[in-house]
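Student: Take a look at protein.cif, mmCIF, C-alpha atoms:
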```cif
data_entry
loop_
_atom_site.label_atom_id
_atom_site.label_comp_id
_atom_site.auth_asym_id
_atom_site.auth_seq_id
_atom_site.Cartn_x
_atom_site.Cartn_y
_atom_site.Cartn_z
CA MET W 1 22.99 -47.92 20.26
CA ASN W 2 24.40 -47.01 16.84
CA ARG W 3 20.90 -46.27 15.59
CA ALA W 4 20.41 -44.05 18.59
CA LYS W 5 23.58 -42.14 17.74
CA ALA W 6 22.26 -41.58 14.24
CA PHE W 7 19.47 -39.50 15.68
CA ILE W 8 21.80 -37.13 17.50
CA PRO W 9 22.58 -34.89 14.48
CA LEU W 10 18.85 -34.71 13.70
CA VAL W 11 18.09 -33.60 17.25
CA VAL W 12 20.86 -31.01 17.11
CA VAL W 13 19.60 -29.64 13.79
CA THR W 14 16.05 -29.54 15.12
CA PHE W 15 17.13 -27.58 18.17
CA ALA W 16 19.11 -25.20 15.98
CA ALA W 17 16.10 -24.66 13.72
CA SER W 18 13.87 -24.06 16.72
CA CYS W 19 16.33 -21.52 18.05
CA MET W 20 16.45 -19.70 14.71
CA VAL W 21 12.69 -19.41 14.79
CA SER W 22 12.28 -18.36 18.40
CA CYS W 23 15.49 -16.67 19.58
CA LYS W 24 15.54 -12.88 19.48
CA HIS W 25 18.75 -11.13 18.63
CA ALA W 26 19.73 -7.87 20.21
CA GLU W 27 18.62 -5.02 17.96
CA PRO W 28 21.29 -2.49 16.99
CA PRO W 29 20.68 1.18 17.79
CA GLN W 30 18.43 2.92 15.28
CA PRO W 31 19.96 5.75 13.25
CA ALA W 32 18.36 9.17 13.64
CA PRO W 33 16.45 10.10 10.47
CA ASN W 34 17.26 13.37 8.69
CA TYR W 35 13.76 14.66 7.97
CA ASP W 36 14.99 18.02 6.63
CA GLU W 37 16.85 16.24 3.83
CA LEU W 38 13.84 14.07 2.99
CA THR W 39 11.41 16.99 2.88
CA GLN W 40 13.82 18.90 0.63
CA ARG W 41 13.95 15.93 -1.74
CA ALA W 42 10.15 15.93 -1.80
CA GLU W 43 10.06 19.58 -2.82
CA GLN W 44 12.97 19.68 -5.24
CA GLY W 45 12.99 16.34 -7.05
CA PRO W 46 14.00 15.13 -9.56
CA HIS W 47 10.87 13.02 -9.84
CA ALA W 48 10.20 10.06 -12.12
CA LEU W 49 7.04 9.91 -14.22
CA PRO W 50 4.50 7.21 -13.37
CA THR W 51 4.43 4.24 -15.74
CA GLY W 52 1.36 2.35 -14.46
CA ARG W 53 0.69 -1.35 -14.90
CA ALA W 54 0.42 -3.48 -18.02
CA ALA W 55 -3.18 -3.50 -19.24
CA ILE W 56 -4.15 -3.03 -22.90
CA LYS W 57 -1.89 -4.66 -25.46
CA PRO W 58 -0.90 -2.13 -28.18
CA THR W 59 -2.09 -3.22 -31.61
CA LEU W 60 -1.74 -0.03 -33.65
CA SER W 61 1.31 1.89 -34.76
CA GLY W 62 1.63 5.40 -33.37
CA VAL W 63 -0.37 7.05 -30.58
CA PRO W 64 -2.95 5.95 -29.63
CA SER W 65 -1.67 2.41 -29.92
CA PHE W 66 -5.06 0.79 -29.28
CA SER W 67 -8.72 1.38 -30.10
CA LEU W 68 -11.44 2.76 -27.86
CA ASP W 69 -13.19 -0.60 -28.22
CA ALA W 70 -10.14 -2.28 -26.70
CA ALA W 71 -10.22 0.19 -23.81
CA ARG W 72 -13.93 -0.45 -23.24
CA ALA W 73 -13.34 -4.21 -23.33
CA TYR W 74 -10.56 -3.97 -20.76
CA ALA W 75 -12.67 -1.80 -18.46
CA GLU W 76 -15.62 -4.17 -18.69
CA SER W 77 -13.40 -7.13 -17.75
CA GLY W 78 -13.57 -5.84 -14.17
CA ARG W 79 -9.83 -5.89 -13.57
CA ILE W 80 -9.28 -2.96 -11.22
CA PRO W 81 -6.41 -2.57 -8.74
CA ILE W 82 -7.02 -2.79 -4.97
CA GLY W 83 -10.72 -3.13 -5.57
CA VAL W 84 -13.62 -5.08 -6.90
CA ALA W 85 -15.64 -4.14 -9.97
CA ARG W 86 -18.87 -5.97 -10.72
CA ASN W 87 -21.54 -5.63 -13.38
CA VAL W 88 -19.34 -3.16 -15.23
CA HIS W 89 -20.62 -1.32 -18.28
CA ALA W 90 -18.40 1.21 -20.06
CA THR W 91 -20.49 4.33 -20.64
CA ASP W 92 -17.90 6.58 -22.21
CA ALA W 93 -14.41 6.25 -23.69
CA LYS W 94 -12.29 9.05 -25.09
CA PHE W 95 -8.70 9.88 -25.91
CA LEU W 96 -7.88 13.03 -23.93
CA THR W 97 -4.89 15.03 -22.81
CA SER W 98 -3.65 14.84 -19.24
CA THR W 99 -5.15 18.28 -18.59
CA GLU W 100 -8.56 17.16 -19.87
CA VAL W 101 -8.46 14.04 -17.72
CA SER W 102 -7.59 16.14 -14.71
CA LYS W 103 -10.68 18.29 -15.29
CA ARG W 104 -12.86 15.17 -15.38
CA LEU W 105 -11.38 14.07 -12.07
CA ASP W 106 -12.09 17.22 -10.08
CA GLY W 107 -8.61 18.60 -10.59
CA ALA W 108 -6.75 15.44 -9.65
CA THR W 109 -3.20 15.27 -10.97
CA THR W 110 -2.18 12.49 -13.37
CA GLY W 111 1.53 12.92 -12.71
CA LEU W 112 2.17 13.32 -16.44
CA PRO W 113 2.82 16.40 -18.62
CA ASP W 114 -0.26 18.45 -19.51
CA ASP W 115 -0.22 17.36 -23.14
CA ALA W 116 0.33 13.64 -22.51
CA GLN W 117 -2.15 11.54 -24.50
CA LEU W 118 -4.37 9.37 -22.30
CA CYS W 119 -7.49 7.27 -22.65
CA PHE W 120 -10.35 7.89 -20.20
CA VAL W 121 -13.06 5.26 -19.72
CA GLU W 122 -16.08 5.92 -17.53
CA MET W 123 -18.07 2.98 -16.19
CA GLN W 124 -21.23 2.12 -14.35
CA GLY W 125 -21.40 -0.83 -11.98
CA ASP W 126 -20.56 -1.75 -8.40
CA PHE W 127 -17.11 -0.58 -7.36
CA THR W 128 -15.49 -1.24 -4.01
CA PHE W 129 -12.04 -0.01 -3.06
CA ALA W 130 -9.55 -0.43 -0.25
CA GLY W 131 -8.55 2.16 2.32
CA PRO W 132 -7.54 2.57 5.94
CA SER W 133 -9.22 0.41 8.56
CA GLY W 134 -12.86 1.27 9.01
CA SER W 135 -13.26 2.71 5.52
CA ASP W 136 -15.41 1.00 2.95
CA PRO W 137 -15.71 3.14 -0.18
CA HIS W 138 -18.38 2.06 -2.64
CA PHE W 139 -19.32 3.74 -5.92
CA THR W 140 -21.75 3.16 -8.76
CA ARG W 141 -19.60 5.16 -11.18
CA GLY W 142 -16.02 4.20 -11.84
CA PHE W 143 -13.24 5.09 -14.26
CA GLU W 144 -9.92 3.94 -15.64
CA VAL W 145 -7.21 6.00 -17.33
CA PHE W 146 -4.70 4.42 -19.70
CA ASP W 147 -1.50 5.69 -21.29
CA ALA W 148 -2.45 6.07 -24.98
CA LYS W 149 1.04 4.97 -26.04
CA SER W 150 1.82 1.97 -23.81
CA GLY W 151 -1.75 0.91 -22.95
CA ASN W 152 -0.73 0.79 -19.28
CA LEU W 153 -3.32 1.49 -16.60
CA LEU W 154 -2.32 4.69 -14.77
CA LEU W 155 -5.35 5.64 -12.68
CA SER W 156 -8.56 4.00 -11.54
CA GLY W 157 -11.24 4.70 -9.00
CA GLY W 158 -14.71 5.91 -8.17
CA LEU W 159 -16.49 9.05 -9.29
CA PRO W 160 -18.67 11.20 -7.05
CA GLY W 161 -22.39 10.91 -7.29
CA GLU W 162 -24.73 8.36 -5.93
CA GLN W 163 -22.99 6.25 -3.29
CA ALA W 164 -23.73 2.56 -3.62
CA PRO W 165 -25.38 0.97 -0.59
CA HIS W 166 -23.07 -1.26 1.36
CA ASP W 167 -23.53 -4.94 0.61
CA PRO W 168 -21.43 -7.17 2.91
CA ALA W 169 -21.75 -10.04 0.45
CA ARG W 170 -19.65 -8.21 -2.12
CA MET T 1 15.75 -45.73 21.52
CA LYS T 2 12.00 -45.30 21.85
CA VAL T 3 12.53 -42.24 24.00
CA LEU T 4 14.80 -40.69 21.39
CA CYS T 5 12.25 -41.41 18.69
CA ARG T 6 9.50 -39.77 20.70
CA ILE T 7 11.62 -36.72 21.45
CA THR T 8 12.57 -36.38 17.80
CA PHE T 9 8.96 -36.73 16.71
CA LEU T 10 7.82 -34.12 19.20
CA LEU T 11 10.48 -31.72 17.99
CA VAL T 12 10.13 -32.31 14.26
CA PHE T 13 6.36 -32.66 13.97
CA PRO T 14 5.50 -29.07 14.94
CA ILE T 15 7.94 -27.72 12.35
CA VAL T 16 6.62 -29.98 9.60
CA PHE T 17 3.05 -29.10 10.62
CA MET T 18 3.79 -25.37 10.56
CA VAL T 19 5.35 -25.60 7.11
CA LEU T 20 2.48 -27.63 5.66
CA VAL T 21 -0.29 -25.56 7.25
CA GLY T 22 1.49 -22.26 6.76
CA CYS T 23 1.74 -22.79 3.02
CA ASN T 24 -2.00 -23.22 2.77
CA THR T 25 -3.19 -20.47 5.07
CA THR T 26 -6.65 -19.12 4.62
CA TYR T 27 -8.05 -15.99 6.23
CA LYS T 28 -11.23 -13.96 6.27
CA CYS T 29 -10.54 -10.45 4.99
CA PRO T 30 -13.36 -9.78 2.51
CA ASN T 31 -14.36 -6.40 1.14
CA GLY T 32 -15.56 -4.12 3.85
CA ALA T 33 -13.60 -6.13 6.40
CA HIS T 34 -10.00 -6.07 5.28
CA CYS T 35 -7.38 -7.15 7.82
CA TYR T 36 -4.56 -5.01 9.13
CA GLY T 37 -1.25 -5.44 10.89
CA GLU T 38 -0.71 -1.79 11.63
CA VAL T 39 -0.07 0.96 14.12
CA LYS T 40 -2.09 4.15 14.44
CA PHE T 41 -0.84 7.39 15.91
CA PRO T 42 -3.83 9.57 16.82
CA THR T 43 -2.61 13.15 16.28
CA ALA T 44 -4.98 16.09 16.18
CA GLY T 45 -4.16 18.27 13.20
CA VAL T 46 -1.58 15.86 11.81
CA GLN T 47 0.18 17.38 8.79
CA GLY T 48 2.19 14.44 7.56
CA MET T 49 4.20 11.32 8.18
CA ILE T 50 7.54 9.90 7.06
CA THR T 51 8.79 6.34 7.45
CA THR T 52 11.50 4.17 5.90
CA VAL T 53 10.38 0.77 4.66
CA ASP T 54 12.22 -2.32 3.43
CA VAL T 55 11.38 -3.44 -0.09
CA ASP T 56 10.87 -7.19 0.00
CA HIS T 57 8.89 -9.77 -1.90
CA MET T 58 5.12 -10.22 -1.58
CA THR T 59 2.71 -12.20 -3.72
CA ASP T 60 -1.02 -12.64 -3.97
CA THR T 61 -2.13 -15.32 -6.36
CA GLY T 62 -5.40 -15.81 -4.51
CA ASP T 63 -8.43 -13.58 -4.42
CA GLY T 64 -7.26 -10.26 -3.03
CA PHE T 65 -4.17 -8.20 -2.34
CA VAL T 66 -1.51 -7.57 0.26
CA ASP T 67 0.45 -4.35 0.69
CA ASN T 68 2.84 -2.34 2.85
CA GLU T 69 1.83 1.28 3.19
CA MET T 70 0.96 4.29 5.30
CA TRP T 71 -2.11 6.51 5.57
CA ILE T 72 -3.03 9.99 6.73
CA VAL T 73 -6.66 9.65 7.78
CA ASP T 74 -9.63 11.92 8.51
CA ARG T 75 -12.36 9.81 10.14
CA GLY T 76 -15.85 11.10 10.74
CA ASN T 77 -15.90 13.30 7.65
CA ALA T 78 -19.36 13.00 6.07
CA ALA T 79 -18.06 14.61 2.89
CA CYS T 80 -16.05 11.45 2.25
CA GLY T 81 -18.76 9.00 3.19
CA GLY T 82 -17.12 8.80 6.61
CA THR T 83 -13.40 8.70 5.87
CA CYS T 84 -11.02 10.83 3.80
CA TRP T 85 -7.39 9.86 3.40
CA VAL T 86 -4.13 9.89 1.47
CA GLU T 87 -2.07 6.69 1.27
CA THR T 88 1.08 5.40 -0.38
CA GLY T 89 2.96 2.12 -0.49
CA TYR T 90 3.57 -0.99 -2.58
CA VAL T 91 1.08 -3.73 -3.36
CA ALA T 92 0.77 -7.23 -4.82
CA ASP T 93 -2.72 -7.96 -6.10
CA ASN T 94 -4.36 -10.33 -8.48
CA ASN T 95 -6.09 -7.39 -10.14
CA ALA T 96 -9.58 -8.68 -9.45
CA ILE T 97 -10.45 -9.52 -5.87
CA ILE T 98 -13.46 -11.69 -6.53
CA GLY T 99 -13.95 -10.82 -10.16
CA ASP T 100 -13.12 -12.59 -13.33
CA GLY T 101 -9.81 -14.15 -12.39
CA GLY T 102 -8.04 -11.71 -14.66
CA SER T 103 -4.71 -12.09 -16.33
CA ALA T 104 -2.52 -10.41 -13.73
CA SER T 105 -0.25 -12.76 -11.85
CA GLY T 106 -0.27 -11.18 -8.42
CA ILE T 107 3.47 -11.71 -8.29
CA ASP T 108 4.56 -8.28 -9.49
CA LEU T 109 4.78 -5.48 -6.95
CA HIS T 110 3.60 -1.97 -7.80
CA PHE T 111 4.31 1.33 -6.10
CA PHE T 112 1.14 3.36 -5.70
CA TRP T 113 -0.58 6.22 -3.97
CA ALA T 114 -4.27 6.94 -3.57
CA ASP T 115 -6.63 9.47 -2.07
CA SER T 116 -10.27 9.80 -1.10
CA ARG T 117 -11.15 13.48 -1.13
CA PRO T 118 -14.09 15.36 0.40
CA ASN T 119 -17.13 15.40 -1.91
CA SER T 120 -14.99 13.94 -4.68
CA THR T 121 -13.27 10.92 -6.10
CA PHE T 122 -11.38 7.91 -4.85
CA ILE T 123 -8.33 7.57 -7.12
CA TYR T 124 -5.66 4.87 -7.21
CA HIS T 125 -2.46 6.09 -8.92
CA ASP T 126 -0.11 3.36 -10.15
CA PHE T 127 3.50 4.59 -10.10
CA GLY T 128 4.68 1.44 -11.88
CA LEU T 129 6.47 -1.83 -11.22
CA VAL T 130 8.87 -2.08 -8.31
CA PRO T 131 12.17 -2.55 -10.18
CA ASP T 132 14.24 -5.65 -9.45
CA ASN T 133 17.14 -3.61 -8.10
CA TYR T 134 14.95 -2.17 -5.30
CA PHE T 135 14.61 -5.52 -3.52
CA GLY T 136 16.83 -5.71 -0.47
CA HIS T 137 16.89 -1.91 -0.27
CA LYS T 138 14.72 0.67 1.45
CA VAL T 139 12.37 3.44 0.38
CA ASN T 140 11.04 6.42 2.28
CA PHE T 141 7.28 6.89 2.27
CA LEU T 142 6.30 10.56 2.71
CA ILE T 143 2.93 12.26 2.91
CA LEU T 144 3.17 15.94 3.82
CA LYS T 145 0.61 18.72 3.85
CA LYS T 146 1.63 21.36 1.33
CA SER T 147 -1.21 23.85 1.68
CA THR T 148 -4.74 24.02 3.08
CA ASN T 149 -6.02 21.60 0.42
CA THR T 150 -2.90 20.00 -1.07
CA TRP T 151 -0.81 17.01 0.06
CA THR T 152 2.55 15.91 -1.31
CA VAL T 153 3.19 12.17 -1.68
CA ASN T 154 6.65 10.68 -2.22
CA ILE T 155 8.32 7.31 -2.49
CA GLN T 156 12.03 8.03 -2.24
CA PRO T 157 14.57 5.30 -2.99
CA VAL T 158 17.35 5.04 -0.40
CA SER T 159 20.80 4.53 -1.88
CA ILE T 160 19.59 2.77 -5.04
CA ALA T 161 21.73 3.55 -8.06
CA GLY T 162 19.88 5.30 -10.87
CA ALA T 163 16.58 5.43 -8.97
CA ALA T 164 14.46 8.58 -8.85
CA THR T 165 11.79 9.74 -6.44
CA LEU T 166 8.18 8.94 -7.31
CA ALA T 167 5.88 11.85 -6.55
CA GLY T 168 2.19 12.60 -6.47
CA THR T 169 0.01 15.49 -5.34
CA SER T 170 -3.40 15.16 -3.75
CA THR T 171 -5.23 18.31 -4.81
CA ASN T 172 -8.57 19.79 -3.71
CA ASN T 173 -8.19 17.78 -0.53
CA ALA T 174 -9.17 19.95 2.42
CA MET T 175 -9.49 17.02 4.83
CA THR T 176 -8.63 17.61 8.47
CA PRO T 177 -7.00 14.33 9.51
CA GLN T 178 -6.55 13.09 13.06
CA SER T 179 -4.49 9.97 12.50
CA ALA T 180 -1.21 8.83 10.94
CA GLU T 181 -1.05 5.09 10.31
CA MET T 182 1.29 2.51 8.79
CA GLY T 183 1.45 -1.22 8.27
CA GLN T 184 0.11 -4.05 6.16
CA GLU T 185 -3.36 -4.42 4.64
CA LEU T 186 -4.68 -7.81 3.54
CA ALA T 187 -7.76 -8.41 1.37
CA GLY T 188 -9.33 -11.69 0.33
CA THR T 189 -9.35 -15.19 1.74
CA LYS T 190 -6.30 -17.03 0.39
CA GLY T 191 -3.11 -16.94 -1.61
CA ALA T 192 -1.20 -13.99 -0.12
CA SER T 193 2.33 -14.06 1.19
CA ALA T 194 4.66 -11.30 2.36
CA ASN T 195 8.18 -11.46 3.73
CA PRO T 196 8.96 -9.61 6.96
CA VAL T 197 9.39 -5.89 6.36
CA ASN T 198 10.56 -3.22 8.81
CA TYR T 199 9.31 0.35 9.13
CA THR T 200 12.00 2.48 10.77
CA GLY T 201 12.67 6.12 11.58
CA THR T 202 8.98 6.97 11.66
CA GLY T 203 8.17 10.63 12.16
CA ILE T 204 5.01 12.70 12.29
CA LYS T 205 4.44 16.35 11.44
CA GLY T 206 1.87 18.21 13.44
CA SER T 207 2.63 17.47 17.06
CA ARG T 208 5.51 19.90 17.66
CA PRO T 209 5.42 23.55 16.51
CA THR T 210 8.68 25.16 15.45
CA GLY T 211 7.75 28.44 17.09
CA ILE T 212 7.67 30.05 13.65
CA THR T 213 4.41 31.38 12.26
CA VAL T 214 3.51 32.41 8.73
CA THR T 215 0.61 34.87 8.58
CA GLY T 216 -0.33 33.75 12.03
CA VAL T 217 -0.29 30.03 11.22
CA PRO T 218 2.20 27.98 13.26
CA ILE T 219 4.73 25.92 11.33
CA PHE T 220 5.35 22.39 12.50
CA GLN T 221 8.36 20.13 12.13
CA VAL T 222 8.58 16.38 11.59
CA VAL T 223 9.60 14.63 14.80
CA THR T 224 10.18 10.96 15.49
CA VAL T 225 7.31 9.17 17.15
CA SER T 226 8.02 8.56 20.83
CA THR T 227 4.84 6.76 21.82
CA ASP T 228 3.91 3.23 20.78
CA GLY T 229 0.57 4.18 19.19
CA ASN T 230 -2.34 1.78 18.87
CA VAL T 231 -1.24 -1.52 17.35
CA THR T 232 -3.65 -3.80 15.47
CA ASN T 233 -2.39 -7.31 14.82
CA ALA T 234 -5.01 -9.25 12.86
CA ASN T 235 -2.56 -12.13 12.37
CA PRO T 236 -2.74 -12.33 9.46
CA PRO T 237 -1.35 -9.92 8.64
CA THR T 238 1.08 -9.61 11.49
CA GLY T 239 2.17 -6.20 12.74
CA ALA T 240 4.27 -5.61 15.85
CA TRP T 241 7.00 -3.44 17.27
CA ILE T 242 10.47 -4.96 17.19
CA ILE T 243 11.80 -1.81 18.83
CA ALA T 244 9.13 0.27 20.56
CA PRO T 245 9.38 4.02 19.89
CA SER T 246 9.11 4.64 23.62
CA ALA T 247 12.40 2.79 24.20
CA ALA T 248 15.61 4.73 24.72
CA ASN T 249 17.32 5.85 21.47
CA ALA T 250 14.57 4.21 19.39
CA ASN T 251 14.53 7.09 16.86
CA GLY T 252 11.02 6.25 15.69
CA GLY T 253 11.28 2.55 16.49
CA LYS T 254 11.13 -0.49 14.25
CA PHE T 255 7.69 -1.86 13.29
CA GLN T 256 7.53 -5.18 11.44
CA THR T 257 4.84 -6.69 9.22
CA HIS T 258 4.55 -10.04 7.49
CA CYS T 259 1.95 -12.38 6.11
CA CYS T 260 0.28 -14.87 6.05
CA SER T 261 1.31 -18.04 7.91
#
```
Give the structure from this file in structure tokens form.
Tutor:
Amino acid sequence: MNRAKAFIPLVVVTFAASCMVSCKHAEPPQPAPNYDELTQRAEQGPHALPTGRAAIKPTLSGVPSFSLDAARAYAESGRIPIGVARNVHATDAKFLTSTEVSKRLDGATTGLPDDAQLCFVEMQGDFTFAGPSGSDPHFTRGFEVFDAKSGNLLLSGGLPGEQAPHDPAR
Amino acid sequence: MKVLCRITFLLVFPIVFMVLVGCNTTYKCPNGAHCYGEVKFPTAGVQGMITTVDVDHMTDTGDGFVDNEMWIVDRGNAACGGTCWVETGYVADNNAIIGDGGSASGIDLHFFWADSRPNSTFIYHDFGLVPDNYFGHKVNFLILKKSTNTWTVNIQPVSIAGAATLAGTSTNNAMTPQSAEMGQELAGTKGASANPVNYTGTGIKGSRPTGITVTGVPIFQVVTVSTDGNVTNANPPTGAWIIAPSAANANGGKFQTHCCS
């Protein structure tokens, strides 16, 4: 009987845990969003500059803080956000201003001042990226853009041109 | 005694099983067939979307990525290989879905936006690390049409001391979208995890004109969604309404995502 009593707390705890998992609490009323305020913030700022993600380790003093060879090596490692890069070969690498990078990307904005020093690497290979359901973007030309000071990866993606055929095995 | 033992076993075993199995979940979301826990709002001529999203922890130490985000989408556009879009959100990825097993940990979260433009590029823009002080707070995701070929993208911190808005602009993007979408995207086969996150106060621009026109073009306002849209729940990732927008006083509803057990 005593052993049976010892199980009672365990049963109670188990029921409590089950209830925590399955019981739904009443949801409080949802506040009404103020879209006018949010759209004004979008137009007026202030806005923070993008910082990117850690990529190339700086090894040189000053700007640029890394070599073009280091940028090529990083690009050819195939590490590309929200995508897959295979059989990557860096075909071009240059230190450029933000404005010059924008021109190479069909007018795309970098989010940085026009004179910011960047590193642009163009690649050939098989590039697949993510998107909304039903999309499946593939490219044979890709690129990566690094901050010439921090070595951080700021932009990456696919360049227009020949679209790679879809290969479900990728 | 035996009865008590059996009852206890029956109650405890499912929990233990769920914990053990849940921690080792696998899924099939390879490239070209990513999985979504999302809701789509088909809206002809949609000009933007706003939603408020919790910032909570996600990881992907496996072979893909997991994110929380929203999209403005133009499907059936041959100039984009079928689909043009603008998206923004936050992501945990291992930096190489099937590739070389690169050095990134998949633990850090990054704010991002991206676009796929007609006859042009696909570009992923990395805003930077999600700062530690954002966790437990909310951010507003905004994508709004600015002109015939320009879209404004924002991630706005909500009541986070010292935090500034992250902004991007999708230029040369004359897509004509028909859908506003939000939720969680999962890529890969293993190793992802994401805490429950709520999307609240969701609004869409493009369905209700203000009555004002500029050079003959009607101006629209952002209004809260009042229909429940089309929900996809791949499970994983899980996406479902906690409060349906069609409910009384829902103010855009509450949509929840999580992954991957």
Student: Name the closest residue to chain T among the candidates W:Gly151, W:Pro113, W:Pro132, W:Gly125; distances are taken between atoms, counting only C-alpha atoms.
Tutor: W:Pro132
Student: Any idea what's packed within 10 Å of T:Lys205, counting only C-alpha atoms, ignoring anything in its chain fewer than 5 positions away? Could you give it as a ChimeraX atom specification?
Tutor: /T:43,45-50,143-145,180,219-225
Student: Grab the atom CA of T:Asp67 to atom CA of T:Asp126 distance for me, in Å with one decimal place.
Tutor: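 Result for atom CA of T:Asp67 versus atom CA of T:Asp126: 13.3 Å, one decimal.
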Student: Choose the residue, out of T:Thr25, T:Asn172, T:Asn149, T:Asn133, that has the smallest atom-to-atom separation from chain W; count all atoms listed in the file.
Tutor: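 Counting all atoms listed in the file, the residue closest to chain W is T:Asn172.
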Student: Expanded to explicit residues, what is the PyMOL selection byres ((chain W and resi 42-47) around 10) for this file, as a PDB file with C-alpha atoms, in the coordinates of the input?
Tutor:
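Result file follows (selection.pdb):
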```pdb
ATOM      1  CA  ASP W  36      14.990  18.020   6.630  1.00  0.00           C
ATOM      2  CA  GLU W  37      16.850  16.240   3.830  1.00  0.00           C
ATOM      3  CA  LEU W  38      13.840  14.070   2.990  1.00  0.00           C
ATOM      4  CA  THR W  39      11.410  16.990   2.880  1.00  0.00           C
ATOM      5  CA  GLN W  40      13.820  18.900   0.630  1.00  0.00           C
ATOM      6  CA  ARG W  41      13.950  15.930  -1.740  1.00  0.00           C
ATOM      7  CA  ALA W  48      10.200  10.060 -12.120  1.00  0.00           C
ATOM      8  CA  LEU W  49       7.040   9.910 -14.220  1.00  0.00           C
ATOM      9  CA  PRO W  50       4.500   7.210 -13.370  1.00  0.00           C
ATOM     10  CA  GLY W 111       1.530  12.920 -12.710  1.00  0.00           C
TER      11      GLY W 111
ATOM     12  CA  LEU T 142       6.300  10.560   2.710  1.00  0.00           C
ATOM     13  CA  ILE T 143       2.930  12.260   2.910  1.00  0.00           C
ATOM     14  CA  LEU T 144       3.170  15.940   3.820  1.00  0.00           C
ATOM     15  CA  LYS T 146       1.630  21.360   1.330  1.00  0.00           C
ATOM     16  CA  THR T 152       2.550  15.910  -1.310  1.00  0.00           C
ATOM     17  CA  VAL T 153       3.190  12.170  -1.680  1.00  0.00           C
ATOM     18  CA  ASN T 154       6.650  10.680  -2.220  1.00  0.00           C
ATOM     19  CA  ILE T 155       8.320   7.310  -2.490  1.00  0.00           C
ATOM     20  CA  GLN T 156      12.030   8.030  -2.240  1.00  0.00           C
ATOM     21  CA  ALA T 163      16.580   5.430  -8.970  1.00  0.00           C
ATOM     22  CA  ALA T 164      14.460   8.580  -8.850  1.00  0.00           C
ATOM     23  CA  THR T 165      11.790   9.740  -6.440  1.00  0.00           C
ATOM     24  CA  LEU T 166       8.180   8.940  -7.310  1.00  0.00           C
ATOM     25  CA  ALA T 167       5.880  11.850  -6.550  1.00  0.00           C
ATOM     26  CA  GLY T 168       2.190  12.600  -6.470  1.00  0.00           C
TER      27      GLY T 168
END
```
Student: Return as AutoDock Vina command-line options the centre and edge lengths, in Å with one decimal, of the box along x, y and z that encloses every atom of stretch 114-117 of chain T in the file, padded by 8 Å per side.
Tutor:
```
--center_x -7.7 --center_y 10.2 --center_z -2.3 --size_x 22.9 --size_y 22.5 --size_z 18.5
```
Student: Name all residues at most 7 Å from W:Pro160 (count only C-alpha atoms; drop same-chain ones fewer than 4 positions away) and give them as a list in words.
Tutor: Asn119, Ser120 and Thr121 of chain T
Student: Print the selection's residues with C-alpha atoms to a file, as a CSV table (one decimal), in the frame of the given file.
Tutor:
```csv
chain,number,residue,atom,x,y,z
T,119,ASN,CA,-17.1,15.4,-1.9
T,120,SER,CA,-15.0,13.9,-4.7
T,121,THR,CA,-13.3,10.9,-6.1
```
Student: Considering all atoms listed in the file, state which residue in the set T:Ser147, T:Asn233, T:Ser159, T:Thr257 is at the smallest distance from T:Glu69.
Tutor: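 For T:Glu69, the nearest of the candidates is T:Thr257.
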Student: Any idea what the distance is between atom CA of T:Phe112 and atom CA of T:Gln184?
Tutor: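 Computing the Euclidean distance for atom CA of T:Phe112 and atom CA of T:Gln184 yields 14.0 Å.
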Student: To one decimal place, how far is atom CA of W:Phe146 from atom CA of T:Met175 in Å?
Tutor: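 Computing it gives 28.0 Å between the two atoms.
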Student: Name the closest residue to T:Val53 among the candidates T:Val139, T:Val217, T:Val73, T:Ala114; distances are taken between atoms, counting only C-alpha atoms.
Tutor: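 Result for the nearest residue to T:Val53: T:Val139.
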Student: Closest to T:Ile160 among T:Thr200, T:Asp60, T:Met70, T:Val55, using only C-alpha atoms?
Tutor: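 Residue with the minimum atom-to-atom distance to T:Ile160: T:Val55.
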